[in-house]
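Working notes, structure below.
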Amino acid sequence: MNRVRIRDLGISIGRYKTGQYNAITDISGVMVGHTTLSYKGAENRMIQTGVTAILPHSGSLFQEKVMGSSYVINGFGKTVGTIQLQELGVIESPILLTNTLSVPAVMEGTIRYLLDQNSQIGDTSGTVNVIVGECNDGYLNDIRGLHVRPEHAYQAIQFAKSGKVEEGCVGAGTGMSCLGFKGGIGTSSRVASFGEQSYTIGALVVSNFGEEKDLRIPAGGRLHRAGEEEEMPDGSIMIILATDAPLNERQLGRLAKRATFGLSRTGSYAAHGSGDIVIAFSTAHRVPHEPDQGTIPYSFMREDGKWISQLFEMTVEAVEEAIWNSICMATTTEGNKGRVREAIPYHILFEPTCKGGMLT
C-alpha cells in the first residue's frame, strides 16, 4: 500500500483549513529541498541519513533577511546559529536540518553556498550566521561514519523548490524514528481570514522522539500492544514555523512557544534527552543588510485582540498534523546493525484500546 498523509485517511486535525499544498511552502516564496543518503556501505553498515534545507525566500537571504526567533522546549540539542538569531531577530541564511554528528559538515556546506552567493561575506561586511538543527538518527544510521558531507548541504539548498514537499524518509528524516515507528519529515499548514486579509501558518518537522507507549491516537487514548517495547533513546524534534503574517521577532518568539502544544498532543512530554527546538520566521518584511536610511518603518499585527490567539491555534494544529504526516508518510526502513523501524500500521490510528471498560 502506498503511504498517505493522515488527512488522506479521513482524519482531520483541528478546525482551520489548510493551504493548497498543506505544507510550509503554502507561504509564498518558501522553498524546501532534500539530499537523501540511503545505501549499504562498507562492512555492511547502513547509511540512512540526509539533509533538509528550508529557504524563507528565493532571493539573497544575506542581503534581504527575514525576521525570526527560536524557542527551546528542551535544550538537549546541538543547534547552531540560534544565539545570534535571538540577539538580532533576523535570519540571513537557509535553515538546514541533519543528524547530530553532521552539524559541522552541514554548516560548512551552507557557508560555502553563501560565500559563493555573496562576495562581501568575510571581506567587506563581516561574517554570516548559519542556522543548523539536528536530531540523532544513530539507531538506524551509521552515524559514526560521518557520511553527510558539505556538498550534501549545498545540494539540498540547490534542490529547494516551492509547491509539494516530499515527506517521510527523505532528507534529514531518512533515519529518524518517532513514537515507536518510523518518523521523518512532515509538514502542514493553516489558513484563516484576519479582517480583509488572509494569513497562513506553515510547519515542517523532523520527528525523532518518543516511544510507542507515548503515542496518543487521533481517535482518542493511548496505544497498548502486547509484548515489551524496545528501549529507545529519548530522541528529539526540530520544528520550523513560517508565516506571511506581519509579526516582529518578539511575536515570532511567542508563536514558536505554541508549537509545544502541537507536539504534546501527539504524546511527547519533552523527555530528559529529547532536544526539542523551534525556529520561526515571517516573510512579511525584508530587512536589508545595508539600509540606506537611519530608520526603517515596519508594521506589525496588533496583540490586544483575538488575531494573535488565532495564529497561536493555527500553529498548534499545523505542528500536530505535520508530526502525524511525518509518521504516516514514512516507510519501513532497514537500518544499521540489522535494526528495522516499521512504518505505522494505519488501522491502529482508528482503534483506541479499552481496558476494563475504560479508554486508556
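To be explicit about the labels: the chains of the C-alpha cells are called A, B, and onward in the order shown, and within each one the residues are counted from 1, while ligands get numbers from 1 in the order they are shown.
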
Enumerate, in order of chain and increasing residue number, the residues of region 70-159 of chain A with an atom no farther than 12 Å from region 195-213 of chain A, each with its shortest atom pair and distance in Å to one decimal, counting only C-alpha atoms, as a Markdown table.
```
| residue | atom | partner | partner_atom | distance |
| --- | --- | --- | --- | --- |
| A:Asn74 | CA | A:Phe209 | CA | 11.9 |
| A:Ile95 | CA | A:Leu204 | CA | 11.3 |
| A:Leu96 | CA | A:Val206 | CA | 11.1 |
| A:Leu97 | CA | A:Val206 | CA | 8.0 |
| A:Thr98 | CA | A:Val206 | CA | 8.9 |
| A:Asn99 | CA | A:Val206 | CA | 10.1 |
| A:Thr100 | CA | A:Asn208 | CA | 11.7 |
| A:Gly133 | CA | A:Val206 | CA | 9.5 |
| A:Glu134 | CA | A:Val206 | CA | 8.4 |
| A:Cys135 | CA | A:Asn208 | CA | 6.6 |
| A:Asn136 | CA | A:Asn208 | CA | 7.5 |
| A:Asp137 | CA | A:Asn208 | CA | 7.7 |
| A:Gly138 | CA | A:Asn208 | CA | 10.7 |
| A:Tyr139 | CA | A:Asn208 | CA | 10.4 |
| A:Leu140 | CA | A:Asn208 | CA | 11.4 |
```

Mind the document's chain letters and residue numbers, and return as a ChimeraX atom specification the residues of region 62-260 of chain A that DSSP labels strand (DSSP E or B).
/A:64-75,80,90-91,95-99,131-135,161,168,177-178,181-182,185-194,197-209,216,222,235-243

Polymer residues at most 7 Å from region 181-187 of chain A, only C-alpha atoms, same-chain spacing of 3 or more positions, as a PyMOL selection string
chain A and resi 23-24+167-170+173-174+176-178+203-208+322-323+325-327+330-332+341-344

Within 12 Å of region 44-54 of chain A: each region 279-325 of chain A residue with its shortest pair, only C-alpha atoms, as a Markdown table:
```
| residue | atom | partner | partner_atom | distance |
| --- | --- | --- | --- | --- |
| A:Ile279 | CA | A:Ile54 | CA | 11.0 |
| A:Ala280 | CA | A:Ile54 | CA | 11.4 |
| A:Phe281 | CA | A:Ile54 | CA | 11.0 |
```

Take the selection from the previous step and output its residues with all heavy atoms, as a JSON list (two decimals), in the first residue's frame.
```
[["chain", "number", "residue", "atom", "x", "y", "z"],
["A", 279, "ILE", "N", 12.12, 26.95, 15.45],
["A", 279, "ILE", "CA", 12.60, 28.16, 14.77],
["A", 279, "ILE", "C", 11.45, 28.72, 13.95],
["A", 279, "ILE", "O", 10.79, 27.97, 13.21],
["A", 279, "ILE", "CB", 13.80, 27.83, 13.85],
["A", 279, "ILE", "CG1", 14.98, 27.35, 14.70],
["A", 279, "ILE", "CG2", 14.20, 29.06, 13.02],
["A", 279, "ILE", "CD1", 16.12, 26.76, 13.90],
["A", 280, "ALA", "N", 11.17, 30.00, 14.12],
["A", 280, "ALA", "CA", 10.04, 30.63, 13.44],
["A", 280, "ALA", "C", 10.49, 31.85, 12.67],
["A", 280, "ALA", "O", 11.38, 32.59, 13.12],
["A", 280, "ALA", "CB", 8.97, 31.02, 14.47],
["A", 281, "PHE", "N", 9.86, 32.08, 11.51],
["A", 281, "PHE", "CA", 10.17, 33.29, 10.74],
["A", 281, "PHE", "C", 8.93, 33.79, 10.02],
["A", 281, "PHE", "O", 7.97, 33.04, 9.78],
["A", 281, "PHE", "CB", 11.32, 33.05, 9.75],
["A", 281, "PHE", "CG", 11.03, 32.05, 8.66],
["A", 281, "PHE", "CD1", 10.41, 32.43, 7.48],
["A", 281, "PHE", "CD2", 11.40, 30.71, 8.80],
["A", 281, "PHE", "CE1", 10.15, 31.52, 6.46],
["A", 281, "PHE", "CE2", 11.14, 29.78, 7.80],
["A", 281, "PHE", "CZ", 10.52, 30.20, 6.62]]
```

Out of region 97-189 of chain A, which residues get helix (DSSP H, G or I) from DSSP, as a count of residues only?
34

Using only C-alpha atoms, the best pick from A:Thr283, A:Ser102, A:Asn129, A:Thr124 as closest to Val30 (chain A) would be A:Thr283

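If you measure from each of A:Thr295, A:Gln155, A:Ser236, A:Gln251 to His272 (chain A) using only C-alpha atoms, the closest one turns out to be A:Ser236.
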
Minimum-distance residue to Arg112 (chain A), chosen among A:Val287, A:Leu61, A:Val130, A:Ile143 (using only C-alpha atoms):
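Selected residue with least distance to Arg112 (chain A): A:Val130.
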
Could you tell me how far CA of Arg5 (chain A) lies from CA of Leu215 (chain A), in Å and to one decimal?
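Interatomic distance here is 17.1 Å.
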
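Comparing A:Ile239, A:Gly175, A:Asn118, A:Ser193 by their smallest distance to Arg339 (chain A), the closest is A:Gly175 (using only C-alpha atoms).
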
Neighbour list for Thr79 (chain A) as number ranges by chain, cut-off 9 Å, only C-alpha atoms, skip fewer than 2 positions in-chain
A: 77, 81-82, 100, 103, 131-134, 277

Do you have, as CSV, the list of residues of region 142-207 of chain A lying at most 6 Å from region 311-319 of chain A, each with its nearest atom pair and that distance in Å to one decimal, counting only C-alpha atoms and ordered by chain then number?
```
residue,atom,partner,partner_atom,distance
A:Ser188,CA,A:Ala318,CA,5.1
A:Ser189,CA,A:Ala318,CA,5.2
A:Arg190,CA,A:Met314,CA,5.7
A:Ala203,CA,A:Val319,CA,5.6
```

Just-selected residues, C-alpha atoms written as a PDB file, in the first residue's frame:
```pdb
ATOM      1  CA  SER A 188       1.277  21.058   7.238  1.00  0.00           C
ATOM      2  CA  SER A 189      -0.323  24.498   7.005  1.00  0.00           C
ATOM      3  CA  ARG A 190      -3.309  26.510   8.173  1.00  0.00           C
ATOM      4  CA  ALA A 203       5.114  23.930   9.895  1.00  0.00           C
TER       5      ALA A 203
END
```
